[in-house]
Each structure stands twice: as structure tokens, then as C-alpha cells.
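Trainee: Okay, so here is my_file.txt, and as you'll see once you scroll down, it has compact mmCIF, C-alpha atoms.
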# COMPACT_ATOMS: atom_id res chain seq x y z
CA MET A 234 61.53 89.47 111.66
CA THR A 235 65.21 90.25 111.45
CA ILE A 236 67.31 91.93 108.84
CA CYS A 237 71.05 91.88 109.45
CA ALA A 238 72.21 95.20 108.12
CA THR A 239 75.49 95.76 106.34
CA GLU A 240 78.29 96.48 108.77
CA ASP A 241 81.25 97.59 106.69
CA ALA A 242 79.89 98.29 103.22
CA THR A 243 80.00 101.86 102.06
CA ALA A 244 77.88 101.66 98.92
CA LEU A 245 74.13 101.32 98.82
CA ASP A 246 74.45 98.64 96.18
CA GLY A 247 77.25 96.79 97.96
CA PRO A 248 77.02 93.06 98.61
CA TYR A 249 75.06 91.74 101.56
CA ARG A 250 77.37 91.58 104.57
CA ALA A 251 76.66 91.20 108.27
CA ALA A 252 78.67 90.88 111.46
CA LEU A 253 76.31 88.04 112.37
CA THR A 254 73.59 86.47 110.24
CA ILE A 255 70.53 85.22 112.13
CA ALA A 256 68.19 82.55 110.78
CA ALA A 257 64.68 83.75 110.02
CA ASP A 258 63.21 81.83 112.98
CA GLY A 259 65.90 83.10 115.37
CA SER A 260 67.11 79.60 116.24
CA TYR A 261 70.71 79.87 115.00
CA ALA A 262 73.19 82.45 113.82
CA ALA A 263 76.58 82.33 112.14
CA ARG A 264 79.59 84.59 111.69
CA LEU A 265 83.25 84.56 110.79
CA ALA A 266 85.31 84.78 113.99
CA ARG A 267 89.05 85.16 114.44
CA HIS A 268 91.49 82.86 116.22
CA ASP A 269 93.52 84.26 119.10
CA ASP A 270 96.77 83.07 117.51
CA ALA A 271 99.40 85.30 115.97
CA ASP A 272 97.90 84.98 112.48
CA ARG A 273 94.43 86.07 113.61
CA SER A 274 92.99 83.74 110.97
CA TRP A 275 89.25 83.43 110.27
CA TYR A 276 86.97 80.48 111.00
CA PRO A 277 83.16 79.91 110.92
CA GLU A 278 81.28 80.01 114.18
CA ARG A 279 77.69 78.93 114.81
CA TRP A 280 75.60 80.46 117.58
CA THR A 281 72.63 78.68 119.14
CA LEU A 282 70.04 81.24 120.23
CA SER A 283 66.97 79.10 120.95
CA GLY A 284 68.09 77.70 124.31
CA PRO A 285 68.03 79.29 127.76
CA GLU A 286 71.48 80.76 127.16
CA PRO A 287 73.27 81.36 123.85
CA TYR A 288 76.40 79.40 123.09
CA ALA A 289 78.86 79.24 120.19
CA VAL A 290 80.32 76.24 118.41
CA PRO A 291 83.45 76.75 116.27
CA LEU A 292 83.37 75.12 112.83
CA PRO A 293 86.96 75.37 111.62
CA GLY A 294 87.93 73.69 108.39
CA SER A 295 91.20 72.19 107.27
CA GLN A 296 92.50 75.66 106.44
CA PRO A 297 91.68 79.25 107.44
CA GLU A 298 88.77 80.95 105.72
CA GLU A 299 89.04 84.03 103.57
CA PRO A 300 87.43 87.14 105.12
CA ASP A 301 85.06 87.49 102.15
CA SER A 302 83.50 84.03 102.65
CA GLU A 303 79.76 84.26 103.39
CA LEU A 304 77.81 82.26 105.97
CA LEU A 305 74.10 81.49 106.24
CA PRO A 306 72.63 79.48 109.15
CA LEU A 307 69.90 76.95 108.38
CA ALA A 308 67.06 76.08 110.73
CA ASP A 309 68.44 72.57 111.35
CA GLY A 310 71.74 73.88 112.75
CA ARG A 311 73.91 73.46 109.69
CA VAL A 312 75.73 76.45 108.24
CA LEU A 313 75.95 77.18 104.52
CA ILE A 314 79.30 78.64 103.49
CA LEU A 315 80.07 80.35 100.20
CA ARG A 316 83.76 80.44 99.21
CA ARG A 317 85.48 81.86 96.16
CA VAL A 318 87.67 79.26 94.48
CA ALA A 319 89.57 80.63 91.46
CA ASP A 320 86.95 81.64 88.85
CA ARG A 321 83.98 80.06 90.62
CA PHE A 322 82.23 79.80 93.96
CA ALA A 323 81.91 76.66 96.07
CA LEU A 324 78.91 76.04 98.33
CA SER A 325 79.16 73.66 101.30
CA LEU A 326 77.24 72.80 104.45
CA LEU A 327 79.15 72.80 107.72
CA TYR A 328 78.05 70.98 110.85
CA PRO A 329 79.72 70.02 114.16
CA THR A 330 81.06 66.49 114.56
CA ASP A 331 83.09 64.77 117.24
CA PRO A 332 85.81 65.67 116.68
CA GLY A 333 86.19 68.43 114.12
CA THR A 334 83.82 69.84 111.52
CA GLY A 335 81.76 67.92 108.99
CA GLU A 336 81.42 69.37 105.50
CA LEU A 337 79.07 68.47 102.67
CA LEU A 338 79.91 69.96 99.28
CA LEU A 339 76.74 71.06 97.48
CA GLY A 340 78.33 72.19 94.24
CA THR A 341 79.91 75.15 92.50
CA VAL A 342 78.71 78.14 90.49
CA GLU A 343 80.93 79.61 87.79
CA ALA A 344 80.51 83.37 88.15
CA ALA A 345 82.55 86.52 88.65
CA GLU A 346 80.31 87.52 91.57
CA LEU A 347 77.92 85.55 93.77
CA THR A 348 76.14 86.83 96.87
CA LEU A 349 73.87 85.00 99.30
CA LEU A 350 70.45 86.49 99.91
CA PRO A 351 69.05 86.91 103.46
CA PRO A 352 67.83 83.73 105.20
CA THR A 353 64.66 82.25 103.76
CA PRO A 354 61.52 82.12 105.93
CA GLY A 355 61.56 78.32 106.06
CA GLY A 356 65.28 78.18 106.78
CA THR A 357 65.84 74.93 104.88
CA ASP A 358 67.49 76.31 101.73
CA ALA A 359 69.07 79.48 100.34
CA TYR A 360 69.18 81.75 97.31
CA ALA A 361 72.02 83.68 95.73
CA LEU A 362 72.48 86.41 93.12
CA ALA A 363 75.08 86.37 90.33
CA PRO A 364 75.09 89.64 88.34
CA ALA A 365 77.00 89.67 85.06
CA GLY A 366 76.73 91.33 81.66
CA GLY A 367 73.72 93.49 82.42
CA ARG A 368 71.70 90.58 83.79
CA THR A 369 71.42 88.81 87.16
CA ALA A 370 71.05 85.07 87.63
CA LEU A 371 69.03 83.91 90.64
CA TRP A 372 70.33 80.60 92.02
CA TRP A 373 68.52 78.22 94.36
CA VAL A 374 70.67 76.27 96.84
CA PRO A 375 68.74 73.35 98.38
CA GLY A 376 69.77 72.29 101.86
CA ASP A 377 70.59 68.73 100.81
CA ALA A 378 73.01 66.97 98.49
CA GLY A 379 71.43 68.56 95.43
CA GLY A 380 73.55 71.08 93.58
CA PRO A 381 72.74 74.75 93.00
CA GLU A 382 70.02 75.35 90.41
CA ARG A 383 69.63 78.47 88.32
CA ILE A 384 66.02 79.68 88.57
CA VAL A 385 65.83 82.71 86.31
CA GLU A 386 67.86 85.47 84.69
CA ILE A 387 66.59 88.98 85.42
CA PRO A 388 67.51 91.94 83.20
CA GLY A 389 69.63 94.48 85.08
CA ARG A 390 71.87 94.28 88.13
CA CYS A 391 70.02 93.03 91.23
CA THR A 392 71.08 93.57 94.83
CA GLY A 393 69.47 93.66 98.27
CA GLY A 394 66.78 91.09 98.93
CA ALA A 395 63.75 90.87 101.26
CA TRP A 396 61.06 88.23 101.73
CA LEU A 397 57.48 89.46 101.56
CA ASP A 398 55.64 86.37 102.85
CA ARG A 399 56.15 83.57 105.35
CA GLY A 400 56.07 80.88 102.67
CA GLY A 401 59.22 81.95 100.88
CA ARG A 402 57.44 82.55 97.59
CA LEU A 403 57.65 86.33 97.06
CA LEU A 404 61.13 87.86 96.91
CA ALA A 405 61.83 91.57 96.49
CA LEU A 406 65.07 92.67 94.80
CA ASP A 407 66.54 96.09 94.03
CA ARG A 408 67.24 96.19 90.30
CA GLU A 409 69.43 98.73 88.52
CA LEU A 410 68.31 99.06 84.91
CA ASN A 411 68.82 101.91 82.44
CA GLY A 412 70.50 104.03 85.08
CA ARG A 413 67.68 103.77 87.66
CA THR A 414 67.20 101.47 90.64
CA LYS A 415 63.71 100.17 91.42
CA THR A 416 62.50 97.32 93.60
CA VAL A 417 60.98 94.42 91.69
CA LEU A 418 59.03 91.37 92.81
CA VAL A 419 60.12 87.84 91.93
CA ASP A 420 57.49 85.09 92.18
CA LEU A 421 59.36 81.85 92.81
CA GLU A 422 56.31 79.68 92.24
CA ARG A 423 55.91 81.10 88.75
CA GLY A 424 59.37 80.26 87.60
CA GLY A 425 60.87 83.55 88.78
CA GLU A 426 58.30 85.78 87.03
CA THR A 427 59.25 89.40 87.68
CA GLY A 428 57.12 92.53 88.03
CA PRO A 429 57.29 96.01 89.59
CA LEU A 430 56.93 96.53 93.34
CA LEU A 431 58.32 99.95 94.28
CA GLN A 432 58.45 103.02 92.05
CA ILE A 433 57.84 106.36 93.76
CA THR A 434 58.58 108.44 90.65
CA GLU A 435 59.86 107.43 87.26
CA GLU A 436 63.10 109.35 87.82
CA SER A 437 63.82 108.32 91.43
CA ASN A 438 66.06 105.55 92.73
CA ASP A 439 63.95 103.46 95.10
CA ARG A 440 65.27 100.61 97.26
CA LEU A 441 63.58 98.31 99.73
CA LEU A 442 65.62 97.99 102.94
CA LEU A 443 63.35 95.90 105.13
CA ALA A 444 59.97 94.15 104.93
CA ASP A 445 57.75 92.64 107.60
CA PRO A 446 55.41 89.90 106.27
CA ASP A 447 53.05 90.10 109.28
CA SER A 448 52.08 93.76 109.14
CA GLY A 449 53.16 94.57 105.59
CA LEU A 450 55.40 97.41 106.81
CA LEU A 451 58.11 98.35 104.29
CA LEU A 452 61.17 100.52 105.02
CA VAL A 453 62.56 102.10 101.85
CA ARG A 454 65.31 104.45 100.78
CA SER A 455 64.66 106.82 97.91
CA ASP A 456 65.98 110.04 96.40
CA ALA A 457 62.45 111.07 95.32
CA PRO A 458 62.47 113.90 97.93
CA GLY A 459 65.57 115.37 96.26
CA HIS A 460 68.21 113.37 98.12
CA ASP A 461 68.39 109.96 99.76
CA ARG A 462 65.82 109.64 102.55
CA LEU A 463 64.39 106.82 104.61
CA GLY A 464 60.67 106.30 104.20
CA TRP A 465 57.95 103.81 105.01
CA GLY A 466 54.99 102.35 103.23
CA VAL A 467 52.70 99.37 103.51
CA LEU A 468 52.28 96.49 101.11
CA GLY A 469 48.85 96.78 99.49
CA SER A 470 48.04 100.15 101.07
CA ARG A 471 46.28 102.96 99.21
CA LEU A 472 48.43 105.59 100.92
CA PRO A 473 51.78 106.75 99.49
CA VAL A 474 55.25 106.26 100.88
CA ARG A 475 56.04 108.70 103.71
CA PHE A 476 59.44 110.20 104.54
CA PRO A 477 59.44 111.24 108.24
CA GLU A 478 61.83 113.97 109.26
CA CYS A 479 62.78 112.04 112.39
CA LEU A 480 64.43 109.33 110.27
CA ARG A 481 67.21 111.70 109.16
CA PRO A 482 68.81 112.78 112.46
CA ALA A 483 71.53 115.42 112.35
CA ASP A 484 74.99 114.16 111.38
CA ALA A 485 74.10 110.47 111.62
CA ALA A 486 73.53 107.53 109.29
CA VAL A 487 70.47 105.43 110.12
CA THR A 488 70.04 101.81 109.00
CA PRO A 489 67.04 99.60 109.91
CA PHE A 490 67.81 96.00 110.83
CA ALA A 491 64.81 94.45 112.63
CA VAL A 492 61.03 94.80 112.99
CA GLN A 493 58.83 93.51 115.77
CA PRO A 494 56.84 90.56 114.36
CA GLY A 495 53.28 89.54 115.04
CA GLN A 496 51.70 92.97 114.50
CA MET A 497 49.06 91.64 112.13
CA LEU A 498 47.46 94.39 110.05
CA ALA A 499 48.91 97.05 112.38
CA PRO A 500 51.99 98.48 110.62
CA GLU A 501 51.72 101.84 112.41
CA SER A 502 52.35 100.01 115.72
CA CYS A 503 55.41 98.04 114.56
CA ALA A 504 58.59 98.82 116.46
CA VAL A 505 61.64 99.09 114.19
CA ALA A 506 65.25 98.86 115.39
CA PHE A 507 67.92 100.99 113.71
CA ARG A 508 71.67 101.18 113.85
CA VAL A 509 72.57 104.87 114.27
CA ASP A 510 76.16 105.76 113.32
CA ALA A 511 77.44 109.22 114.24
CA ALA A 512 80.75 110.89 115.00
CA HIS A 513 80.38 110.11 118.71
CA GLY A 514 79.82 106.40 118.08
CA THR A 515 77.07 103.88 117.38
CA ARG A 516 73.72 103.92 119.14
CA LEU A 517 70.50 101.97 118.98
CA GLY A 518 67.48 103.67 117.43
CA ILE A 519 63.88 102.67 118.11
CA TRP A 520 61.00 104.00 116.00
CA ARG A 521 57.51 103.16 114.94
CA PRO A 522 55.31 105.01 112.44
CA TRP A 523 52.76 106.02 115.04
CA GLY A 524 55.36 107.49 117.43
CA ARG A 525 56.96 109.81 114.86
CA ARG A 526 60.23 110.12 116.74
CA LEU A 527 63.46 108.17 116.71
CA ARG A 528 64.53 107.28 120.23
CA GLN A 529 68.28 106.80 120.58
CA LEU A 530 69.56 104.45 123.28
CA PRO A 531 73.05 103.32 124.34
CA VAL A 532 74.15 99.93 123.06
CA PRO A 533 75.47 97.04 125.16
CA ASP A 534 79.19 96.32 125.24
CA GLY A 535 80.39 94.23 122.33
CA TRP A 536 77.20 94.58 120.28
CA LEU A 537 77.65 93.11 116.82
CA ALA A 538 76.32 96.33 115.35
CA GLY A 539 73.43 96.11 112.94
CA THR A 540 72.20 92.69 114.10
CA GLY A 541 69.33 91.80 116.37
CA LEU A 542 66.05 90.00 116.78
CA TRP A 543 62.65 91.19 117.97
CA THR A 544 60.39 88.77 119.81
CA ALA A 545 56.63 88.86 119.36
CA ALA A 546 56.37 90.00 122.99
CA GLY A 547 58.38 93.13 122.16
CA GLU A 548 61.77 92.14 123.59
CA LEU A 549 64.78 93.12 121.50
CA LEU A 550 67.69 90.67 121.52
CA LEU A 551 71.11 92.06 120.59
CA PRO A 552 74.02 89.63 119.99
CA CYS A 553 77.25 90.68 121.75
CA ALA A 554 80.82 89.41 121.81
CA THR A 555 83.45 90.57 124.31
CA ASP A 556 86.63 89.05 125.70
CA ALA A 557 84.78 88.14 128.88
CA GLU A 558 81.71 86.82 127.07
CA PRO A 559 82.46 85.80 123.49
CA CYS A 560 78.85 84.71 122.89
CA GLY A 561 76.24 86.86 124.59
CA LEU A 562 72.71 88.05 124.01
CA ALA A 563 71.60 91.34 125.54
CA ARG A 564 67.86 91.37 126.23
CA MET A 565 66.28 94.79 126.09
CA ALA A 566 62.67 95.35 127.07
CA ILE A 567 61.92 98.46 125.04
CA PRO A 568 59.10 100.51 126.57
CA LEU A 569 56.95 101.84 123.77
CA GLU A 570 54.65 104.83 123.86
CA PRO A 571 50.96 103.92 124.03
CA VAL A 572 49.21 104.00 120.70
CA GLY A 573 46.88 107.00 120.68
CA SER A 574 44.46 108.20 118.07
CA VAL A 575 46.00 106.89 114.88
CA GLU A 576 43.13 108.34 112.84
CA ARG A 577 43.79 111.84 114.26
CA ALA A 578 47.43 111.50 113.19
CA GLY A 579 46.30 110.87 109.62
CA LEU A 580 47.43 107.23 109.56
CA VAL A 581 44.04 105.59 108.96
CA GLU A 582 42.60 105.24 105.52
CA PRO A 583 39.27 107.12 105.52
CA THR A 584 37.26 104.31 104.01
CA GLY A 585 34.77 103.84 106.80
CA SER A 586 36.27 100.48 107.69
CA PRO A 587 38.38 99.80 110.79
CA ARG A 588 41.42 98.73 108.72
CA PRO A 589 44.39 100.96 109.76
CA VAL A 590 46.38 102.82 107.17
CA GLY A 591 48.77 100.80 105.50
CA SER A 592 47.32 97.65 106.92
CA ALA A 593 48.39 95.01 104.48
CA ARG A 594 45.76 93.33 102.44
CA PRO A 595 46.38 89.59 102.60
CA VAL A 596 48.70 88.86 99.74
CA GLY A 597 46.25 86.35 98.41
CA SER A 598 43.64 89.06 97.91
CA ALA A 599 45.86 91.82 96.56
CA ARG A 600 44.92 93.22 93.18
CA PRO A 601 46.85 91.25 90.56
CA VAL A 602 49.61 93.09 88.76
CA ALA A 603 50.77 91.84 85.40
CA ALA A 604 54.51 91.42 84.99
CA ARG A 605 55.97 94.30 83.01
CA PRO A 606 59.07 96.50 83.06
CA VAL A 607 59.25 98.76 86.10
CA GLY A 608 59.30 101.83 83.91
CA ALA A 609 55.83 100.95 82.63
CA ALA A 610 54.19 101.45 86.03
CA ARG A 611 51.88 104.48 86.12
CA PRO A 612 50.83 106.39 89.25
CA VAL A 613 47.19 106.31 90.25
CA GLY A 614 45.67 109.31 92.02
CA GLY A 615 48.59 111.66 91.38
CA VAL A 616 50.13 111.60 94.89
CA ARG A 617 53.43 109.77 94.86
CA ALA A 618 55.04 110.43 98.23
CA VAL A 619 54.70 112.34 101.47
CA VAL A 620 57.81 114.27 102.53
CA ASP A 621 57.97 115.84 105.98
CA GLY A 622 54.18 115.91 106.14
CA ALA A 623 53.63 117.30 102.66
CA ALA A 624 52.24 115.42 99.70
CA VAL A 625 54.27 115.56 96.50
CA ARG A 626 51.78 116.05 93.67
CA GLY A 627 53.14 116.59 90.20
CA GLY A 628 56.36 118.03 91.60
CA ALA A 629 54.59 120.52 93.92
CA ILE A 630 54.44 120.33 97.72
CA VAL A 631 50.92 120.24 99.14
CA PRO A 632 50.68 120.77 102.96
CA ASP A 633 49.39 117.79 104.87
CA ALA A 634 48.19 118.53 108.39
CA GLY A 635 48.64 114.91 109.36
CA ASP A 636 52.39 115.36 109.94
CA ALA A 637 52.36 118.96 111.17
CA THR A 638 53.43 117.95 114.68
CA ASN A 639 56.86 116.69 113.64
CA HIS A 640 59.47 118.90 115.30
CA SER A 641 62.62 116.91 114.49
CA THR A 642 65.82 118.69 113.49
CA ALA A 643 66.36 118.90 109.74
CA SER A 644 69.68 117.88 108.24
CA ALA A 645 71.10 116.07 105.25
CA GLN A 646 70.93 112.29 105.59
CA PRO A 647 74.33 110.61 104.95
CA LYS A 648 74.20 107.45 102.93
CA ALA A 649 73.97 104.40 105.15
CA ALA A 650 75.61 101.13 104.47
CA VAL A 651 73.24 98.78 103.34
CA THR A 652 62.88 79.60 102.09
CA GLU A 653 60.75 77.34 101.89
CA PRO A 654 61.76 74.67 99.34
CA ARG A 655 60.93 76.06 95.92
CA ARG A 656 58.50 73.22 95.45
CA SER A 657 56.28 74.15 98.38
CA PRO A 658 52.99 72.44 99.31
CA ALA A 659 49.82 73.50 97.57
CA HIS A 660 47.98 76.46 99.09
CA PRO A 661 45.30 78.92 98.00
CA PRO A 662 46.21 81.02 94.94
CA MET A 663 48.31 84.05 95.78
CA CYS A 664 48.16 87.27 93.77
CA ARG A 665 50.87 89.85 93.44
CA PRO A 666 51.02 92.84 95.78
CA VAL A 667 50.07 96.22 94.39
CA PRO A 668 53.16 98.33 93.51
CA LEU A 669 53.48 101.20 95.98
CA GLN A 670 53.56 103.84 93.27
CA GLN A 671 50.23 102.57 91.94
CA ALA A 672 48.49 102.79 95.31
CA PRO A 673 46.01 105.71 95.07
CA LEU A 674 45.70 108.14 97.94
CA GLY A 675 42.23 107.99 99.50
CA SER A 676 40.27 111.20 100.01
CA ARG A 677 40.85 112.76 103.42
Spell out the structure here as C-alpha cells.
Mentor:
Amino acid sequence: MTICATEDATALDGPYRAALTIAADGSYAARLARHDDADRSWYPERWTLSGPEPYAVPLPGSQPEEPDSELLPLADGRVLILRRVADRFALSLLYPTDPGTGELLLGTVEAAELTLLPPTPGGTDAYALAPAGGRTALWWVPGDAGGPERIVEIPGRCTGGAWLDRGGRLLALDRELNGRTKTVLVDLERGGETGPLLQITEESNDRLLLADPDSGLLLVRSDAPGHDRLGWGVLGSRLPVRFPECLRPADAAVTPFAVQPGQMLAPESCAVAFRVDAAHGTRLGIWRPWGRRLRQLPVPDGWLAGTGLWTAAGELLLPCATDAEPCGLARMAIPLEPVGSVERAGLVEPTGSPRPVGSARPVGSARPVAARPVGAARPVGGVRAVVDGAAVRGGAIVPDAGDATNHSTASAQPKAAVTEPRRSPAHPPMCRPVPLQQAPLGSR
């Protein structure tokens, strides 16, 4: 799974931006490139990543693009472009023709702000958010001649966006409402029904940065520990969100952008790739919950920072663009530490079953959660988070020997920058995931 992290945004709630956006299946990617002429004007460029060697195809239109236009590659090779036109936004599909660029206008959306969500798992359509007047409209953009369709209006201002399943049904959004930001779940097969997903404390601001549908691993950012920290949890787990010390390295901003797929029910083994920005430059960070340390590696020349793709075999692919090679793909075989005794590290739920901690219950068997305002969620079991190896219980810090071996340097964490067709085929009933705050902590 790939998440293309924000490259130039400075606010946590800023719009979704990426140097390169990669389709969910890794087949294509798209970005705005610049001509070599004196004007240095912008034009769309599609990358093909599924062949033996990557190659780029320019998709210039009749006039230069604005730098705030958004691109989203579809699985069939077409590229969705979102352009601002006066007081509305125009959505079109671009595709290569001989000669020139073909363009199919899908329609327009009248809004002051419209932002494309990350690529859908199926890669045949797209979704967009339009916040206005204390509410956010969720728009569906089919990948055909049909126009955009408004699905639902959600109270509050919604940003972010992560897909929680491979079918493109469950969408997680970060919603700001009544001065607090919490992650909510949107069920697209129930007409956009919304319910709580992430609430560590009632007073905290909790955002979902990245989600892996295979393992259920969730990377979150929350100020529940007292200031913004990166943490991890597991969809459907009974254990609380943890905030490892190693994910706040000294004088650096850390942003996750990709997770190794295929780690079914083994979230503690998932390798996660981070963009690490520090005064001395940008580096690549590699971490997994079991390892408990953030390895920092040099990046290849021309890396389009914050973008990449894990393969199921564990190879990390990093898109690069240099003068010598304007379309390249650096392949990095990341050696990972062997997985040792996960139970000794305190990462296995002590239930007597072999299911590892945080292993995701299949979404179809998760305990149903009725849709209700996020503020109505109540903690179960009293433990709400684990910070640097200590459980936060009712505001107190309770030592937890499970994380006592973490020797990372402490420092303040700077703020980092941050489907299937809606009418999908019939499948077994799917219940909502359990909100992380409601997951009780099992006895140790």
C-alpha cells in the first residue's frame, strides 16, 4: 500500500498534495512537470510503473496548467485532472493520443474548495472533498462520462483520507468539529453513513495518517501525550494506540508514506517507510512496530520525496527524476531485522490464542458500532494510550515493562506536513471496525 505524503504543505490540515501520486495498484503515477522553456510552465505527466522499466508520457493541454491543479492516475492509464475555473472546479480525464493529448470533460463542481482524495483501491474512479460553511460534501467522480455526484454532507471540516479495505467501501476522514479533530469512518455502501473511528481522549486531536488494509496497521498523529506525536494502532485490536519514542527523532520531522502490503494479520511485522526532514537534508526512514527503532538511510538522487511503493516481497520502490534520468525508479531491498519473540516484547494480546497484538479482525466480523457523534464515544477498560512504554490511565502514567528497552533520544517532534465503483458487487455483510478508543486493554 502506498500513501503519497504531502511535500510542500506546512499545516496538518492542509490539502492533499504530492510530488507524484501513485495508483493504488502501483501500475501508473502522475505529476505536474515543468517545461524546459523560458516560462517553465507546468504540464501533466503520466508515469508507467508496471513494465520492466518506468517511462513517462507527457500529457500537455492546449494551455499551461496552474501549479495548484491536482492529478490522480487511474488503473486504466488515464489521468484525472482537477482544475479551478473561476468559482468552480472542472474535472477531466487525460489520455495520450497520436498526436497530442485526449481530454474527456466529466463535469464541474461549484465550490470554494475541492480536494481529491487518495487513489481508490479499485483505481477506476475517484472521490473529492468540498468543505464549506461548517460542513463537508463528499463527491464521487466516476471514471466514465458520468458527471460528479454528491454522496453525502458531513458535519465539520474533513481533510486527509485513507482507505480501510480493498473493496473501496470504508473511508476514513479527519474531521474538525467543535474545535477538535477526530478520525471518522464513512461507509460508502450505506449512503455515506458516518461514525467514530479514532478518539484517544475526548480532548485530544487525533488524525489518521496511513492505513494498511492487509494487516490493519494504522499510523496516527495525536496530541494526547501532551504534544503532537506519531503513534500506531491496529484496526479491531483490543490494545491501545502506542506512541514509540523512536518515532520522534531529534530535530527532525517524520512523515509516513508507505507500508509493506501482504502482511496478513501481522501488523507488528509491517515495514513502514518515512520521509525524515532535518536541517541536514531529507533521509529515508524505515520502521516496524516489532523493531522499535527508526533506521535512517540515504535517499537516491532526485527522489520525489515522500512518494514510494512497497512490494509484497519487501522491495521499496522510490520514484526519482534527474536531468540525466527524468523518469527513474530506485529499487531498494531493505534488510529487516528478524522477528523475535513478539510476545516477550508485549505485542501479543494475552488471550491464549495465536493472534498477534493488533492483528486485525476481519472487517466483516468486527463488532458493529452504531453511527453517532465522535464525542459520544466512551473508553472501555480505562487505558487510552501508551506513551514511551507507559500506559495513560485517567491522566496518570503507569509503567509498562513491554517498552522498557526503548533507548531512543527524546526531543520535541516538529509538526510534519501532511475505489471501487460505489455500486460494487454483492459480498458478505461487512460490519464497522471498532473505534480505537473503545478497544479495551487485555489483562497482561
Trainee: Between A:Ser302, A:Thr515, A:Ser325, A:Gln496, which is the closest to A:Pro446 once you count only C-alpha atoms?
Mentor: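 Using only C-alpha atoms, A:Pro446 sits closest to A:Gln496.
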Trainee: Distance atom CA of A:Ser470-atom CA of A:Trp520, one decimal place?
Mentor: 20.1 Å
Trainee: May I ask which of the residues A:Thr353, A:Ala266, A:Asp309, A:Pro291 is the closest one to A:Pro332, counting all atoms listed in the file?
Mentor: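 Among the listed residues, A:Pro291 lies closest to A:Pro332.
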Trainee: Using all atoms listed in the file, determine which residues lie at most 9 Å from A:Ala395, disregarding the query and same-chain residues fewer than 3 positions distant; provide the list as a list in words.
Mentor: Ile236, Leu350, Pro351, Leu403, Leu404, Ala405, Leu406, Leu441, Leu442, Leu443, Ala444 and Asp445 of chain A
Trainee: Using all atoms listed in the file, which residues sit within 9 Å of A:Pro329 once same-chain residues fewer than 4 positions away are excluded, as a PDB file with C-alpha atoms, keeping the file's coordinate frame?
Mentor:
ATOM      1  CA  VAL A 290      80.320  76.240 118.410  1.00  0.00           C
ATOM      2  CA  PRO A 291      83.450  76.750 116.270  1.00  0.00           C
ATOM      3  CA  LEU A 292      83.370  75.120 112.830  1.00  0.00           C
ATOM      4  CA  GLY A 310      71.740  73.880 112.750  1.00  0.00           C
ATOM      5  CA  ARG A 311      73.910  73.460 109.690  1.00  0.00           C
ATOM      6  CA  GLY A 333      86.190  68.430 114.120  1.00  0.00           C
ATOM      7  CA  THR A 334      83.820  69.840 111.520  1.00  0.00           C
ATOM      8  CA  GLY A 335      81.760  67.920 108.990  1.00  0.00           C
ATOM      9  CA  GLU A 336      81.420  69.370 105.500  1.00  0.00           C
TER      10      GLU A 336
END
Trainee: What is the distance, in Å and to one decimal place, between atom CA of A:Ile519 and atom CA of A:Ala506?
Mentor: 4.9 Å
